[in-house]
Amino acid sequence: MKRVWPTAALTALLAACATSPTGRTQLMMVSDSQMNQLGLSAFNDMRKQGKFVEAPREQAYASCVAHALIAVLPPPWNTQQWEVQIIGDNSANAFALPGGRIGVNQGMFKVATDEDQLAVVLGHELSHVVARHGAERMSDNMAAQAAVAAGTIYAGSRGTNAGYAAAALGLGAEVGILLPFSRTQESEADVLGQRYMAKAGFDPRAAVTLWQKMEKQGGGKPPVFLSTHPSPGNRAQVLGRQAQQLLPVFEQARASGHVPDCRM
Ligand SMILES: [Zn+2]
């Protein structure tokens with residue numbers, strides 16, 4: 001018993017490893033279809049709570065930017081059906097969920113004032129989905145719980161581990177969808193989002209402008225988007241450097257017909 005448990009757990013963990021689009025190894029114990037279900041159900045809850053507003057101009061504009069980005073995502077996300085809703089909230093925030101759902105707060109349009117800047121935000125949010133950051137966070141959480149369960153059994157407890165599995169699933173929506181992402185995941189979403197925007201014909205240099213505006217916004221009180229999106233101090237530097245490297249990609253995208261023209 002003492003030896004079987006850790007070995008079995010280790011085997012399960014090794015079998016459940018994935019590689020993110022930037023080449024990072026991730027623990028992946030949750031399937032895409034499970035995450036899609038969580039995303040769709042979280043979005044439906046928001047709908048029932050009356051969070052979405054009738055805003056056809058904002059919705060068409062945000063959809064235009066989102067779909068230009070979606071077209072350059074890897075499969076299966078590029079062919080998935082995506083729905084974009086506008087949320088009646090004046091703070092500058094937005095999100096994308098597994099299952100093909102995007103929400104943009106009305107307050108976002110006051111900060112992201114052109115299509116390139118909105119593409120920075122939506123590219124970043126879509127990258128969290130493509131890099132499976134929610135599933136990764138859930139998997140890390142489940143592994144931590146399994147370790148606790150293993151420890152309990154190791155210590156000679158009579159309790160079954162069914163309770164821990166149930167707890168992990170019960171936490172699914174919160175851990176997979178609602179909690180903030182880690183700094184590593186935020187940096188990865190920055191890098192990926194900027195790549196996707198350049199490929200889609202949006203100016204990657206807008207990333208620097210947008211994040212600077214986000215930081216200035218709110219006058220002392222950080223906007224929600226930043227408090228849920230921890231930004232390392234060198235974010236602007238990293239994005240500025242990558243923007244220069246991505247200029248040929250951006251120019252080639254525009255030359256080959258990726259010329260988004262989204263307006264409100
Ligand atoms: Zn983020």
# chains A, B, ... in the order shown; residues from 1 in each chain; ligands from 1
>>> closest_atom_pairs(of="chain A", to="ligand 1", cutoff="7 Å", atoms="only C-alpha atoms and all ligand atoms", output="Markdown table")
| residue | atom | partner | partner_atom_place_in_ligand_line | distance |
| --- | --- | --- | --- | --- |
| A:His124 | CA | ligand 1 | 1 (Zn) | 6.2 |
| A:Glu125 | CA | ligand 1 | 1 (Zn) | 5.9 |
| A:His128 | CA | ligand 1 | 1 (Zn) | 6.6 |
| A:Phe181 | CA | ligand 1 | 1 (Zn) | 6.5 |
| A:Glu186 | CA | ligand 1 | 1 (Zn) | 4.8 |
| A:Ala189 | CA | ligand 1 | 1 (Zn) | 6.2 |
| A:His229 | CA | ligand 1 | 1 (Zn) | 5.0 |
>>> write_last_selection(atoms="N, CA and C atoms", output="mmCIF file, in the first residue's frame")
data_model
loop_
_atom_site.group_PDB
_atom_site.id
_atom_site.type_symbol
_atom_site.label_atom_id
_atom_site.label_comp_id
_atom_site.auth_asym_id
_atom_site.auth_seq_id
_atom_site.Cartn_x
_atom_site.Cartn_y
_atom_site.Cartn_z
ATOM 1 N N HIS A 124 -5.750 38.078 -26.201
ATOM 2 C CA HIS A 124 -5.270 37.591 -24.904
ATOM 3 C C HIS A 124 -6.291 36.615 -24.296
ATOM 4 N N GLU A 125 -7.562 36.981 -24.310
ATOM 5 C CA GLU A 125 -8.595 36.127 -23.697
ATOM 6 C C GLU A 125 -8.751 34.812 -24.462
ATOM 7 N N HIS A 128 -6.108 32.254 -23.559
ATOM 8 C CA HIS A 128 -6.337 31.465 -22.338
ATOM 9 C C HIS A 128 -7.100 30.180 -22.693
ATOM 10 N N PHE A 181 -6.079 33.623 -13.362
ATOM 11 C CA PHE A 181 -5.030 32.761 -13.892
ATOM 12 C C PHE A 181 -3.703 33.086 -13.196
ATOM 13 N N GLU A 186 -0.766 34.159 -17.601
ATOM 14 C CA GLU A 186 -0.985 35.513 -18.114
ATOM 15 C C GLU A 186 0.077 35.891 -19.148
ATOM 16 N N ALA A 189 -0.564 34.018 -22.289
ATOM 17 C CA ALA A 189 -1.696 34.578 -23.035
ATOM 18 C C ALA A 189 -1.288 35.870 -23.750
ATOM 19 N N HIS A 229 -5.786 40.113 -13.756
ATOM 20 C CA HIS A 229 -4.743 39.794 -14.726
ATOM 21 C C HIS A 229 -3.420 40.358 -14.231
#
>>> residues_around(residues="Glu115 in chain A", least_positions_apart="6", cutoff="8 Å", atoms="only C-alpha atoms", output="list in words")
Val65, Phe202, Asp261, Cys262 and Arg263 of chain A
>>> residues_around(residues="Ala206 in chain A", least_positions_apart="2", cutoff="10 Å", atoms="only C-alpha atoms", output="list of chain:residue names")
A:Ala112, A:Asp114, A:Glu115, A:Asp116, A:Gln117, A:Leu118, A:Ala119, A:Val120, A:Gln194, A:Met197, A:Phe202, A:Asp203, A:Pro204, A:Val208, A:Thr209, A:Leu210, A:Trp211, A:Gln212, A:Leu239, A:Gly240, A:Ala243
>>> write_last_selection(atoms="C-alpha atoms", output="JSON list (two decimals), in the first residue's frame")
[["chain", "number", "residue", "atom", "x", "y", "z"],
["A", 112, "ALA", "CA", -9.73, 49.83, -26.15],
["A", 114, "ASP", "CA", -9.77, 51.04, -31.89],
["A", 115, "GLU", "CA", -9.89, 47.58, -33.47],
["A", 116, "ASP", "CA", -6.19, 46.88, -32.86],
["A", 117, "GLN", "CA", -6.54, 47.61, -29.14],
["A", 118, "LEU", "CA", -9.70, 45.52, -28.84],
["A", 119, "ALA", "CA", -7.84, 42.73, -30.65],
["A", 120, "VAL", "CA", -5.16, 42.88, -27.92],
["A", 194, "GLN", "CA", 0.00, 39.10, -29.82],
["A", 197, "MET", "CA", -3.35, 39.45, -33.70],
["A", 202, "PHE", "CA", -4.04, 43.64, -36.39],
["A", 203, "ASP", "CA", -1.06, 45.84, -35.48],
["A", 204, "PRO", "CA", 0.86, 43.98, -32.71],
["A", 208, "VAL", "CA", 1.96, 48.14, -25.62],
["A", 209, "THR", "CA", -0.47, 51.07, -25.98],
["A", 210, "LEU", "CA", -3.43, 49.10, -24.65],
["A", 211, "TRP", "CA", -1.72, 47.79, -21.50],
["A", 212, "GLN", "CA", -0.32, 51.24, -20.73],
["A", 239, "LEU", "CA", 5.33, 43.08, -25.67],
["A", 240, "GLY", "CA", 7.27, 45.92, -27.29],
["A", 243, "ALA", "CA", 5.83, 43.52, -31.53]]
>>> residues_around(residues="Lys51 in chain A", least_positions_apart="6", cutoff="12 Å", atoms="only C-alpha atoms", output="JSON, numbers by chain")
{"A": [42, 43, 44, 45, 85, 86, 87, 88, 89, 103, 104, 105, 106]}
>>> residues_around(residues="Val30 in chain A", least_positions_apart="6", cutoff="10 Å", atoms="only C-alpha atoms", output="PyMOL selection string")
chain A and resi 16+132+134-139+142+172+176
>>> closest_residue(among="A:Gly100, A:Ala62, A:Met108, A:Trp82", to="Ser33 in chain A", atoms="only C-alpha atoms")
A:Gly100
>>> closest_residue(among="A:Ala207, A:Ala55, A:Leu69, A:Val121", to="Phe95 in chain A", atoms="only C-alpha atoms")
A:Val121
>>> select_by_dssp(residues="range 23-142 of chain A", states="helix (DSSP H, G or I)", output="number ranges by chain")
A: 32-48, 56-70, 108-111, 115-130, 133-142
>>> residues_around(residues="Met264 in chain A", least_positions_apart="3", cutoff="10 Å", atoms="only C-alpha atoms", output="PyMOL selection string")
chain A and resi 56-62+64+109+113-115
>>> closest_residue(among="A:Met214, A:Ala236, A:Leu27, A:Ala198", to="Glu251 in chain A", atoms="only C-alpha atoms")
A:Ala198
>>> atom_distance(atom1="CA of Gly99 in chain A", atom2="CA of Gln37 in chain A")
6.7 Å
>>> closest_residue(among="A:His67, A:Arg235, A:Phe52, A:Arg195", to="Phe250 in chain A", atoms="only C-alpha atoms")
A:Arg195
